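Okay, structure first, notes after.
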Amino acid sequence: MKRFRNDIILVVVILVLSLAFYFIYRAFNSSNELVCKIYQDQELKYEISLDHEEEITLDTKDGKMVIVIEKDGVYVKESDCDDKICVNQGKIKRGGEVITCLPYRIYIKLEGKGADVYL
Amino acid sequence: MNNNLKRLMIISMLLAMAIVINYLESFIPIFIPGVRLGLANAIILIMLYEFKWYEALAVDILRILLVSLIRGTFLSPTFYMALSGGMISFLIMLLFSRIKVFSKVGVSILGSLGHAFGQIIIAMALLDSINLIYYLPFIAVLSIGTGVLSGMVASIYLRRSITNIFVNDNEEKL
């Protein structure tokens, strides 16, 4: 009977811990709004949160670059640079990801607090 | 037939049952590809209570190896996940079947939890993503269910002492 009681305690503890874990994780994630930071010549030019859609055109002395910001990510639509690495990289979606364009010295970074769900 | 042979026969039958259960459950998808419920824990639990610990370990390892060969997942991520889950759940069940704090159902629940943890740890290492930890609470709750189920199966088997029907000697403690 005593062991049966211990079993019940075990189940309750696991359930409580799971629930707590789930809600803590969710709390961290809801504050996890991604921010797109665009640097040019190592200077922070733009800081845009990903809650709306926007198109930014950056002018450099060699040409221009069009960056599209959407709710689910950021990508470079057009660039006059030669290698087009930034365009070919596609959309970045998670915090910590970056797009770099060396010829124009542009650096696009996604930042967010907490963890992101890997799916 | 001498008792050693009978004993080997029972162990082989339990291994066969573990393989069938393991094989069938490998078709049930759980959140992350490759994660299994761990229903074969029932067999390992029975073995921990009625056989020697190294016999149970042998059945556990052979089960994982043979199922991976049958399914064609040998040395694939699924195999490592199964191995990790199997070993961690074995160690936990071995420990708690000796420390008599929980009943067989409780030991089984802990084993299921260990199984889930072991698999998730390997999946996180392989995918190089800590974010799989998000699934942990869901899998933990799920493993209570599988733990209770396999614990009850093991309890019923042990209460009826089915092994003793076949191997009836009192000198050699099973």
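Ordering of the structure tokens sets the chain letters (A, B, ...), residue numbers begin anew at 1 in every chain, and ligands are numbered from 1 in the order given.
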Leu15 of chain A surroundings by only C-alpha atoms, 9 Å radius, close-in-sequence under 2 positions cut, as an MDAnalysis selection string: (chainID A and resid 10:13 17:20) or (chainID B and resid 137 140:141 144)
Determine, for each residue of chain B having at least one atom at most 8 Å from an atom of chain A, the closest pair of atoms and their separation in Å to one decimal, counting only C-alpha atoms; order by chain and ascending number, as a Markdown table.
| residue | atom | partner | partner_atom | distance |
| --- | --- | --- | --- | --- |
| B:Lys100 | CA | A:Arg3 | CA | 8.0 |
| B:Val101 | CA | A:Arg3 | CA | 6.0 |
| B:Phe102 | CA | A:Arg3 | CA | 4.8 |
| B:Ser103 | CA | A:Arg3 | CA | 5.2 |
| B:Val105 | CA | A:Asp7 | CA | 7.3 |
| B:Gly106 | CA | A:Asp7 | CA | 4.9 |
| B:Ser129 | CA | A:Tyr118 | CA | 7.2 |
| B:Asn131 | CA | A:Val117 | CA | 5.4 |
| B:Leu132 | CA | A:Tyr118 | CA | 6.4 |
| B:Tyr134 | CA | A:Val117 | CA | 6.9 |
| B:Leu136 | CA | A:Ser18 | CA | 7.6 |
| B:Pro137 | CA | A:Ser18 | CA | 4.3 |
| B:Phe138 | CA | A:Ser18 | CA | 7.3 |
| B:Ala140 | CA | A:Ser18 | CA | 6.8 |
| B:Val141 | CA | A:Leu15 | CA | 6.4 |
| B:Ile144 | CA | A:Val11 | CA | 7.0 |
Put those residues in a file: C-alpha atoms, as an mmCIF file, in the first residue's frame.
data_model
loop_
_atom_site.group_PDB
_atom_site.id
_atom_site.type_symbol
_atom_site.label_atom_id
_atom_site.label_comp_id
_atom_site.auth_asym_id
_atom_site.auth_seq_id
_atom_site.Cartn_x
_atom_site.Cartn_y
_atom_site.Cartn_z
ATOM 1 C CA LYS B 100 11.936 -1.111 -3.181
ATOM 2 C CA VAL B 101 10.451 2.366 -2.992
ATOM 3 C CA PHE B 102 7.997 2.026 -5.851
ATOM 4 C CA SER B 103 5.782 -0.848 -6.969
ATOM 5 C CA VAL B 105 4.118 0.022 -12.000
ATOM 6 C CA GLY B 106 6.178 2.852 -10.507
ATOM 7 C CA SER B 129 19.327 21.458 -31.532
ATOM 8 C CA ASN B 131 14.965 23.011 -28.966
ATOM 9 C CA LEU B 132 13.759 19.427 -29.086
ATOM 10 C CA TYR B 134 10.136 21.408 -26.150
ATOM 11 C CA LEU B 136 9.904 16.695 -23.258
ATOM 12 C CA PRO B 137 6.723 17.438 -21.252
ATOM 13 C CA PHE B 138 4.506 15.775 -23.885
ATOM 14 C CA ALA B 140 6.912 12.589 -20.226
ATOM 15 C CA VAL B 141 3.119 12.548 -19.876
ATOM 16 C CA ILE B 144 3.288 7.701 -17.746
#
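The two atoms in question, atom CA of Gly72 of chain B and atom CA of Ile19 of chain B, are spaced 13.9 Å apart.
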Polymer residues at most 6 Å from segment 153-167 of chain B, only C-alpha atoms, same-chain spacing of 2 or more positions, as JSON, numbers by chain: {"B": [42, 46, 150, 151]}
Between atom CA of Gly63 of chain A and atom CA of Asp82 of chain A, what is the distance in Å, rounded to a tenth? 10.4 Å
Using only C-alpha atoms, determine which residues lie at most 6 Å from segment 83-95 of chain B, disregarding the query and same-chain residues fewer than 2 positions distant; provide the list as a list in words. Tyr80, Met81, Ser97, Arg98, Val107, Gly111, Gly114, His115, Gly118 and Gln119 of chain B
Figure out the distance between atom CA of Ser112 of chain B and atom CA of Leu142 of chain B, please, to one decimal in Å. 9.0 Å
Mind checking which residues fall within 7 Å of Ile48 of chain A, counting only C-alpha atoms, ignoring those fewer than 5 positions away in the same chain, and posting them as a PyMOL selection string? chain A and resi 35-37
Using C-alpha atoms, can you export the residues from the last selection as a PDB file, in the first residue's frame?
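Output file again-v1.pdb is given in full below:
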ATOM      1  CA  VAL A  35      14.163  41.616 -34.351  1.00  0.00           C
ATOM      2  CA  CYS A  36      15.974  42.194 -37.604  1.00  0.00           C
ATOM      3  CA  LYS A  37      19.092  44.304 -37.304  1.00  0.00           C
TER       4      LYS A  37
END
Residues of chain A classed as strand (DSSP E) by DSSP on the backbone are to be reported as number ranges by chain. A: 35-40, 43-49, 54-59, 64-70, 73-79, 98-101, 106-111
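With only C-alpha atoms as the atoms that count, the residue of A:Ile24, A:Leu50, A:Leu110, A:Leu34 with the shortest distance to Glu70 of chain A is A:Leu50.
Scanning segment 16-55 of chain A with DSSP on the backbone, the helix (DSSP H, G or I) assignments fall on Val16, Leu17, Ser18, Leu19, Ala20, Phe21, Tyr22, Phe23, Ile24, Tyr25, Arg26, Ala27, Phe28, Asn29 and Ser30 of chain A.
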Which residues are near segment 54-59 of chain B? Cut-off 8 Å, only C-alpha atoms, ignore same chain within fewer than 2 positions. Put them as a VMD selection string. chain B and resid 11 15 44 47 to 48 51 to 52 61 to 63 90
Output the selection as a compact mmCIF listing (two decimals), in the first residue's frame - N, CA and C atoms for each residue.
# COMPACT_ATOMS: atom_id res chain seq x y z
N ILE B 11 13.91 -17.52 -21.57
CA ILE B 11 14.55 -16.25 -21.91
C ILE B 11 14.40 -15.97 -23.40
N LEU B 15 12.59 -12.84 -25.15
CA LEU B 15 13.29 -12.02 -26.15
C LEU B 15 12.45 -11.91 -27.41
N ILE B 44 11.45 -6.45 -20.14
CA ILE B 44 12.69 -6.21 -19.38
C ILE B 44 12.38 -6.16 -17.89
N MET B 47 11.98 -9.57 -16.55
CA MET B 47 13.28 -10.22 -16.42
C MET B 47 14.07 -9.71 -15.23
N LEU B 48 13.90 -8.41 -14.94
CA LEU B 48 14.63 -7.85 -13.80
C LEU B 48 14.14 -8.45 -12.49
N PHE B 51 14.74 -12.87 -13.26
CA PHE B 51 15.99 -13.43 -13.75
C PHE B 51 17.15 -12.59 -13.23
N LYS B 52 18.36 -13.02 -13.63
CA LYS B 52 19.52 -12.24 -13.19
C LYS B 52 19.63 -10.98 -14.03
N ILE B 61 19.75 -5.66 -24.96
CA ILE B 61 20.67 -5.31 -26.05
C ILE B 61 20.32 -6.09 -27.32
N LEU B 62 20.05 -7.39 -27.15
CA LEU B 62 19.71 -8.22 -28.31
C LEU B 62 18.43 -7.73 -28.99
N ARG B 63 17.47 -7.32 -28.17
CA ARG B 63 16.21 -6.80 -28.70
C ARG B 63 16.48 -5.59 -29.59
N PHE B 90 16.99 0.79 -18.78
CA PHE B 90 17.44 -0.43 -18.10
C PHE B 90 18.10 -0.10 -16.77
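Surrounding segment 65-67 of chain A within 10 Å are Ile38, Glu54, Glu55, Ile56, Thr57, Leu58, Asp59, Thr60, Asp62, Glu70, Val74, Tyr75, Val76, Lys77, Glu78, Ser79, Asp80, Cys81, Cys86, Val87, Cys101, Tyr104, Ile106 and Ile108 of chain A, with only C-alpha atoms counted and residues fewer than 3 positions along the same chain left out.
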